[in-house]
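*Asks:* What follows is a structure written as structure tokens; I'll ask about it next.
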Number of protein chains: 2
Amino acid sequence: METIEKLTKKLRSQGMKITPQRLMIFRVLENNTSHPSAENVYKRVKRIYPSVSFTTIYKTLETLRELGEVREFVIDDDRKHYDPNTNLHHHVICSSCKKILDVFEDFSSHVTLPEPVKKDYTVSGFQIFFHGICRDCKLPVA
Amino acid sequence: METIEKLTKKLRSQGMKITPQRLMIFRVLENNTSHPSAENVYKRVKRIYPSVSFTTIYKTLETLRELGEVREFVIDDDRKHYDPNTNLHHHVICSSCKKILDVFEDFSSHVTLPEPVKKDYTVSGFQIFFHGICRDCKLPVA
DNA sequence: TAATAAATAAAAACGATTGTTAATTAGATA
DNA sequence: TATCTAATTAACAATCGTTTTTATTTATTA
């Protein structure tokens, strides 16, 4: 996601309006590396803007996705998560607490499709999901 | 997934019953590399066993998952898919038609977490999702 | 073959998401 | 600055995939 300022300009130039609700959503997402679900975003916005509706969150997230400002993905879960970092990167997920962490490392020189598959698919990119246990969950229960 | 014969023995040894509905589901899944959704399985079973209910499909797939006989996963889609091949492997998905193909290649020597992340996560495995366009979808429209 | 625990079909319930609507409002323009 | 209008909102209903519930049926085994 770009800065809020740039995003604001971009939206306005397309005839879209910058409402206080949208601004709150942008602020919640800005530099957010927690991979929130729509509900997470809703709860955080609601704290500072209690009358906001869930619909608005969904609609705005969809708008941001269409504009390529956030990436939508699903992991081990039946709800979608949103990531304002749209640069190519990978993820580690804790099988226990489901916490997701970004992995910024370029594996592209090592990860390519085997020859036979290359004939059938033209690959535009790939995503690696690491599964594991985070340090907190690994600790013995007190 | 093991052979139907072995699977049958395994289930019975655990006090579970082998019903005709289950056998049909096993047959639909056996050697199936199409990554079917519950609905796909339902439709195929229904052809030969028209009175089967959706509930039975869901329950049986869950049972198979608990037993480690199928792997459940989600890609770019809001429904779950099932894979009777539980060996570690990766996938290519066509962004256009959503067709999924298996990728059997061992990337494990090249794909490891960066050092700083290794301190926080103990990784048990990883999955690579390649995105691309399949040959059929790449062809110009007639 | 009868007993019984497990599995079934059908229906209702469920949670996440999307569509609809009437009312409100941001932001351009007079 | 006030007015106007299309975009956005909140509230609600609807939908979709999946799960739960319940009463009935059935696979297994004694």
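Ordering of the structure tokens sets the chain letters (A, B, ...), residue numbers begin anew at 1 in every chain, and ligands are numbered from 1 in the order given.
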Each residue of chain C with at least one atom at most 9 Å from chain B should appear once, together with its nearest atom pair and the corresponding distance in Å (one decimal); atoms considered: only C-alpha atoms (C1' of nucleotides); ordering: chain, then increasing residue number; output as a tab-separated table.
*Replies:*
residue	atom	partner	partner_atom	distance
C:DA5	C1'	B:Gly15	CA	8.9
C:DA6	C1'	B:Lys17	CA	6.8
C:DA7	C1'	B:Lys17	CA	7.5
C:DT8	C1'	B:Thr56	CA	7.1
C:DA9	C1'	B:Ser53	CA	6.1
C:DA10	C1'	B:Ser53	CA	8.5
*Asks:* What residues in chain D lie within 10 Å of chain A, counting only C-alpha atoms (C1' of nucleotides), written as a VMD selection string?
*Replies:* chain D and resid 6 to 11 17 to 18
*Asks:* Interatomic distance between atom CA of A:Pro140 and atom CA of A:Ile93?
*Replies:* 19.4 Å
*Asks:* At a cut-off of 6 Å, can you tabulate as a tab-separated table every residue of chain A near chain B together with its closest atom pair and the distance in Å to one decimal, using only C-alpha atoms and ordering rows by chain then number?
*Replies:*
residue	atom	partner	partner_atom	distance
A:Asp120	CA	B:Arg135	CA	5.1
A:Tyr121	CA	B:Cys134	CA	4.3
A:Thr122	CA	B:Gly132	CA	5.2
A:Val123	CA	B:Gly132	CA	4.0
A:Ser124	CA	B:Gly132	CA	5.0
A:Gly125	CA	B:His131	CA	5.4
A:Phe126	CA	B:Phe130	CA	4.1
A:Gln127	CA	B:Phe129	CA	5.2
A:Ile128	CA	B:Ile128	CA	4.4
A:Phe129	CA	B:Gln127	CA	5.2
A:Phe130	CA	B:Phe126	CA	4.1
A:His131	CA	B:Gly125	CA	5.4
A:Gly132	CA	B:Val123	CA	4.0
A:Ile133	CA	B:Thr122	CA	5.2
A:Cys134	CA	B:Tyr121	CA	4.3
A:Arg135	CA	B:Asp120	CA	5.1
*Asks:* Please write the residues from the selection above to a file, keeping all heavy atoms, as a CSV table (one decimal), in the first residue's frame.
*Replies:*
chain,number,residue,atom,x,y,z
A,120,ASP,N,3.5,-26.7,-19.9
A,120,ASP,CA,2.0,-26.5,-19.8
A,120,ASP,C,1.6,-25.2,-19.0
A,120,ASP,O,0.5,-24.8,-19.2
A,120,ASP,CB,1.4,-27.7,-19.0
A,120,ASP,CG,1.3,-29.0,-19.9
A,120,ASP,OD1,1.2,-28.8,-21.1
A,120,ASP,OD2,1.4,-30.1,-19.3
A,121,TYR,N,2.5,-24.7,-18.3
A,121,TYR,CA,2.2,-23.5,-17.5
A,121,TYR,C,3.2,-22.4,-17.7
A,121,TYR,O,4.4,-22.7,-17.6
A,121,TYR,CB,2.1,-23.8,-16.0
A,121,TYR,CG,0.8,-24.5,-15.6
A,121,TYR,CD1,0.6,-25.8,-15.8
A,121,TYR,CD2,-0.2,-23.7,-15.0
A,121,TYR,CE1,-0.6,-26.4,-15.4
A,121,TYR,CE2,-1.4,-24.3,-14.6
A,121,TYR,CZ,-1.6,-25.7,-14.8
A,121,TYR,OH,-2.7,-26.3,-14.4
A,122,THR,N,2.8,-21.2,-17.9
A,122,THR,CA,3.7,-20.0,-17.9
A,122,THR,C,3.6,-19.4,-16.6
A,122,THR,O,2.5,-18.8,-16.2
A,122,THR,CB,3.3,-19.1,-19.0
A,122,THR,OG1,3.3,-19.8,-20.3
A,122,THR,CG2,4.3,-17.9,-19.1
A,123,VAL,N,4.6,-19.5,-15.8
A,123,VAL,CA,4.5,-19.0,-14.4
A,123,VAL,C,4.8,-17.5,-14.2
A,123,VAL,O,5.7,-17.0,-14.8
A,123,VAL,CB,5.5,-19.8,-13.5
A,123,VAL,CG1,5.7,-19.2,-12.2
A,123,VAL,CG2,5.0,-21.3,-13.3
A,124,SER,N,4.0,-16.9,-13.5
A,124,SER,CA,4.2,-15.4,-13.3
A,124,SER,C,4.8,-15.2,-11.9
A,124,SER,O,5.3,-14.1,-11.6
A,124,SER,CB,2.8,-14.7,-13.4
A,124,SER,OG,1.9,-15.3,-12.5
A,125,GLY,N,4.7,-16.2,-11.0
A,125,GLY,CA,5.3,-16.0,-9.7
A,125,GLY,C,4.9,-17.2,-8.8
A,125,GLY,O,4.3,-18.1,-9.2
A,126,PHE,N,5.4,-17.1,-7.6
A,126,PHE,CA,5.1,-18.2,-6.6
A,126,PHE,C,5.2,-17.7,-5.2
A,126,PHE,O,5.8,-16.6,-4.9
A,126,PHE,CB,6.1,-19.4,-6.8
A,126,PHE,CG,7.5,-19.0,-6.5
A,126,PHE,CD1,8.0,-19.1,-5.2
A,126,PHE,CD2,8.4,-18.6,-7.5
A,126,PHE,CE1,9.3,-18.8,-4.9
A,126,PHE,CE2,9.7,-18.2,-7.2
A,126,PHE,CZ,10.2,-18.3,-5.9
A,127,GLN,N,4.5,-18.4,-4.4
A,127,GLN,CA,4.4,-18.0,-2.9
A,127,GLN,C,4.8,-19.2,-2.1
A,127,GLN,O,4.3,-20.3,-2.4
A,127,GLN,CB,3.0,-17.6,-2.6
A,127,GLN,CG,2.7,-16.2,-3.0
A,127,GLN,CD,2.2,-15.5,-1.7
A,127,GLN,OE1,1.0,-15.3,-1.6
A,127,GLN,NE2,3.0,-15.1,-0.8
A,128,ILE,N,5.6,-19.0,-1.1
A,128,ILE,CA,6.0,-20.1,-0.3
A,128,ILE,C,5.3,-19.9,1.1
A,128,ILE,O,5.4,-18.9,1.7
A,128,ILE,CB,7.5,-20.3,-0.1
A,128,ILE,CG1,8.2,-20.3,-1.4
A,128,ILE,CG2,7.8,-21.5,0.8
A,128,ILE,CD1,9.7,-20.4,-1.4
A,129,PHE,N,4.6,-21.0,1.6
A,129,PHE,CA,4.1,-20.9,2.9
A,129,PHE,C,4.9,-21.9,3.8
A,129,PHE,O,4.8,-23.1,3.5
A,129,PHE,CB,2.6,-21.3,2.9
A,129,PHE,CG,1.7,-20.3,2.3
A,129,PHE,CD1,1.2,-20.5,1.0
A,129,PHE,CD2,1.5,-19.1,2.9
A,129,PHE,CE1,0.4,-19.5,0.4
A,129,PHE,CE2,0.7,-18.1,2.3
A,129,PHE,CZ,0.2,-18.3,1.0
A,130,PHE,N,5.6,-21.4,4.7
A,130,PHE,CA,6.3,-22.3,5.7
A,130,PHE,C,5.3,-22.6,6.8
A,130,PHE,O,4.6,-21.7,7.3
A,130,PHE,CB,7.5,-21.5,6.3
A,130,PHE,CG,8.6,-21.3,5.3
A,130,PHE,CD1,8.6,-20.1,4.5
A,130,PHE,CD2,9.6,-22.2,5.1
A,130,PHE,CE1,9.6,-19.9,3.6
A,130,PHE,CE2,10.7,-22.0,4.2
A,130,PHE,CZ,10.7,-20.8,3.4
A,131,HIS,N,5.4,-23.8,7.3
A,131,HIS,CA,4.6,-24.2,8.4
A,131,HIS,C,5.5,-24.6,9.6
A,131,HIS,O,6.6,-25.2,9.3
A,131,HIS,CB,3.7,-25.4,8.1
A,131,HIS,CG,2.6,-25.1,7.1
A,131,HIS,ND1,1.3,-24.9,7.5
A,131,HIS,CD2,2.7,-24.9,5.8
A,131,HIS,CE1,0.6,-24.6,6.5
A,131,HIS,NE2,1.4,-24.6,5.4
A,132,GLY,N,5.2,-24.1,10.8
A,132,GLY,CA,6.0,-24.4,11.9
A,132,GLY,C,5.4,-24.1,13.2
A,132,GLY,O,4.2,-23.9,13.3
A,133,ILE,N,6.2,-24.0,14.2
A,133,ILE,CA,5.8,-23.6,15.5
A,133,ILE,C,6.6,-22.4,16.0
A,133,ILE,O,7.8,-22.4,15.8
A,133,ILE,CB,6.1,-24.7,16.6
A,133,ILE,CG1,5.3,-26.0,16.2
A,133,ILE,CG2,5.7,-24.3,18.0
A,133,ILE,CD1,3.9,-26.0,16.5
A,134,CYS,N,5.9,-21.4,16.4
A,134,CYS,CA,6.6,-20.2,16.9
A,134,CYS,C,7.2,-20.4,18.3
A,134,CYS,O,6.8,-21.3,19.0
A,134,CYS,CB,5.7,-18.9,16.8
A,134,CYS,SG,4.5,-18.8,18.1
A,135,ARG,N,8.1,-19.5,18.6
A,135,ARG,CA,8.8,-19.6,19.9
A,135,ARG,C,7.8,-19.7,21.1
A,135,ARG,O,8.0,-20.5,22.0
A,135,ARG,CB,9.8,-18.5,20.1
A,135,ARG,CG,10.8,-18.7,21.2
A,135,ARG,CD,12.2,-18.4,20.7
A,135,ARG,NE,12.3,-17.0,20.4
A,135,ARG,CZ,13.1,-16.1,20.9
A,135,ARG,NH1,13.9,-16.6,21.9
A,135,ARG,NH2,13.2,-14.9,20.6
*Asks:* Please indicate the distance in Å from atom CA of B:Arg12 to atom CA of B:Glu69, rounded to one decimal place.
*Replies:*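 Here the two named atoms are 14.8 Å from each other.
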*Asks:* Which polymer residues have any atom within 12 Å of an atom of C:DT4, counting only C-alpha atoms (C1' of nucleotides), with same-chain residues fewer than 3 positions away left out, as a list in words?
*Replies:*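 Near neighbours after the sequence-gap exclusion: DT26, DA27, DT28, DT29 and DA30 of chain D.
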*Asks:* Determine which residues of chain B DSSP labels as helix (DSSP H, G or I) from the backbone of this structure, then write them out as a ChimeraX atom specification.
*Replies:* /B:4-13,20-29,38-48,54-66,115-118,135-138
*Asks:* With a distance cut-off of 10 Å and only C-alpha atoms (C1' of nucleotides), select the neighbouring residues of C:DT18, excluding the residue or stretch itself and same-chain residues fewer than 2 positions from it, and output the selection as a ChimeraX atom specification.
*Replies:* /A:55,58-59 /C:16,20 /D:14-16
*Asks:* Interatomic distance between atom CA of B:Pro36 and atom CA of B:Gln14?
*Replies:*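 Between atom CA of B:Pro36 and atom CA of B:Gln14 the gap is 26.5 Å.
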*Asks:* Once DSSP has gone over the backbone, tell me which residues of stretch 3-83 of chain A are in strand (DSSP E), as number ranges by chain.
*Replies:* A: 71-73, 81-83
*Asks:* Only N, CA, C and O atoms, please: the residues just picked out, written as a PDB file, in the first residue's frame.
*Replies:*
ATOM      1  N   ARG A  71      -3.130  -7.188  -0.738  1.00  0.00           N
ATOM      2  CA  ARG A  71      -3.190  -8.527  -1.283  1.00  0.00           C
ATOM      3  C   ARG A  71      -4.096  -9.360  -0.371  1.00  0.00           C
ATOM      4  O   ARG A  71      -4.035  -9.231   0.851  1.00  0.00           O
ATOM      5  N   GLU A  72      -4.944 -10.150  -0.982  1.00  0.00           N
ATOM      6  CA  GLU A  72      -5.888 -10.963  -0.230  1.00  0.00           C
ATOM      7  C   GLU A  72      -5.392 -12.398  -0.255  1.00  0.00           C
ATOM      8  O   GLU A  72      -4.974 -12.871  -1.309  1.00  0.00           O
ATOM      9  N   PHE A  73      -5.408 -13.082   0.879  1.00  0.00           N
ATOM     10  CA  PHE A  73      -5.006 -14.484   0.841  1.00  0.00           C
ATOM     11  C   PHE A  73      -5.653 -15.284   1.962  1.00  0.00           C
ATOM     12  O   PHE A  73      -6.183 -14.736   2.914  1.00  0.00           O
ATOM     13  N   HIS A  81      -7.452 -12.973   4.691  1.00  0.00           N
ATOM     14  CA  HIS A  81      -6.552 -12.047   5.369  1.00  0.00           C
ATOM     15  C   HIS A  81      -6.049 -11.028   4.356  1.00  0.00           C
ATOM     16  O   HIS A  81      -6.015 -11.301   3.163  1.00  0.00           O
ATOM     17  N   TYR A  82      -5.654  -9.865   4.867  1.00  0.00           N
ATOM     18  CA  TYR A  82      -5.244  -8.770   3.993  1.00  0.00           C
ATOM     19  C   TYR A  82      -3.855  -8.285   4.349  1.00  0.00           C
ATOM     20  O   TYR A  82      -3.514  -8.149   5.529  1.00  0.00           O
ATOM     21  N   ASP A  83      -3.069  -8.049   3.325  1.00  0.00           N
ATOM     22  CA  ASP A  83      -1.688  -7.628   3.513  1.00  0.00           C
ATOM     23  C   ASP A  83      -1.414  -6.373   2.681  1.00  0.00           C
ATOM     24  O   ASP A  83      -1.499  -6.422   1.458  1.00  0.00           O
TER      25      ASP A  83
END
*Asks:* Please provide the set of residues having any atom within 10 Å of A:Pro20, restricted to only C-alpha atoms (C1' of nucleotides), with same-chain residues fewer than 6 positions apart removed, written as a PDB file with N, CA and C atoms (P, O5', C5', C4', C3', O3' and C1' of nucleotides), in the first residue's frame.
*Replies:*
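Printed below is part09.pdb as written:
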ATOM      1  N   PHE A  26      -7.569   2.972   6.226  1.00  0.00           N
ATOM      2  CA  PHE A  26      -6.216   3.147   5.683  1.00  0.00           C
ATOM      3  C   PHE A  26      -5.204   3.186   6.826  1.00  0.00           C
ATOM      4  N   TYR A  49     -14.009   4.622  15.715  1.00  0.00           N
ATOM      5  CA  TYR A  49     -15.152   5.090  14.928  1.00  0.00           C
ATOM      6  C   TYR A  49     -16.282   4.095  15.147  1.00  0.00           C
ATOM      7  N   VAL A  52     -19.074   2.566  12.629  1.00  0.00           N
ATOM      8  CA  VAL A  52     -18.732   1.972  11.331  1.00  0.00           C
ATOM      9  C   VAL A  52     -19.407   0.606  11.179  1.00  0.00           C
TER      10      VAL A  52
ATOM     11  P    DA C  26     -18.465  13.972   4.800  1.00  0.00           P
ATOM     12  O5'  DA C  26     -17.388  13.863   3.651  1.00  0.00           O
ATOM     13  C5'  DA C  26     -17.142  12.579   3.070  1.00  0.00           C
ATOM     14  C4'  DA C  26     -16.737  12.752   1.627  1.00  0.00           C
ATOM     15  C3'  DA C  26     -15.694  13.825   1.378  1.00  0.00           C
ATOM     16  O3'  DA C  26     -14.819  13.318   0.380  1.00  0.00           O
ATOM     17  C1'  DA C  26     -17.700  14.397   0.229  1.00  0.00           C
TER      18       DA C  26
END
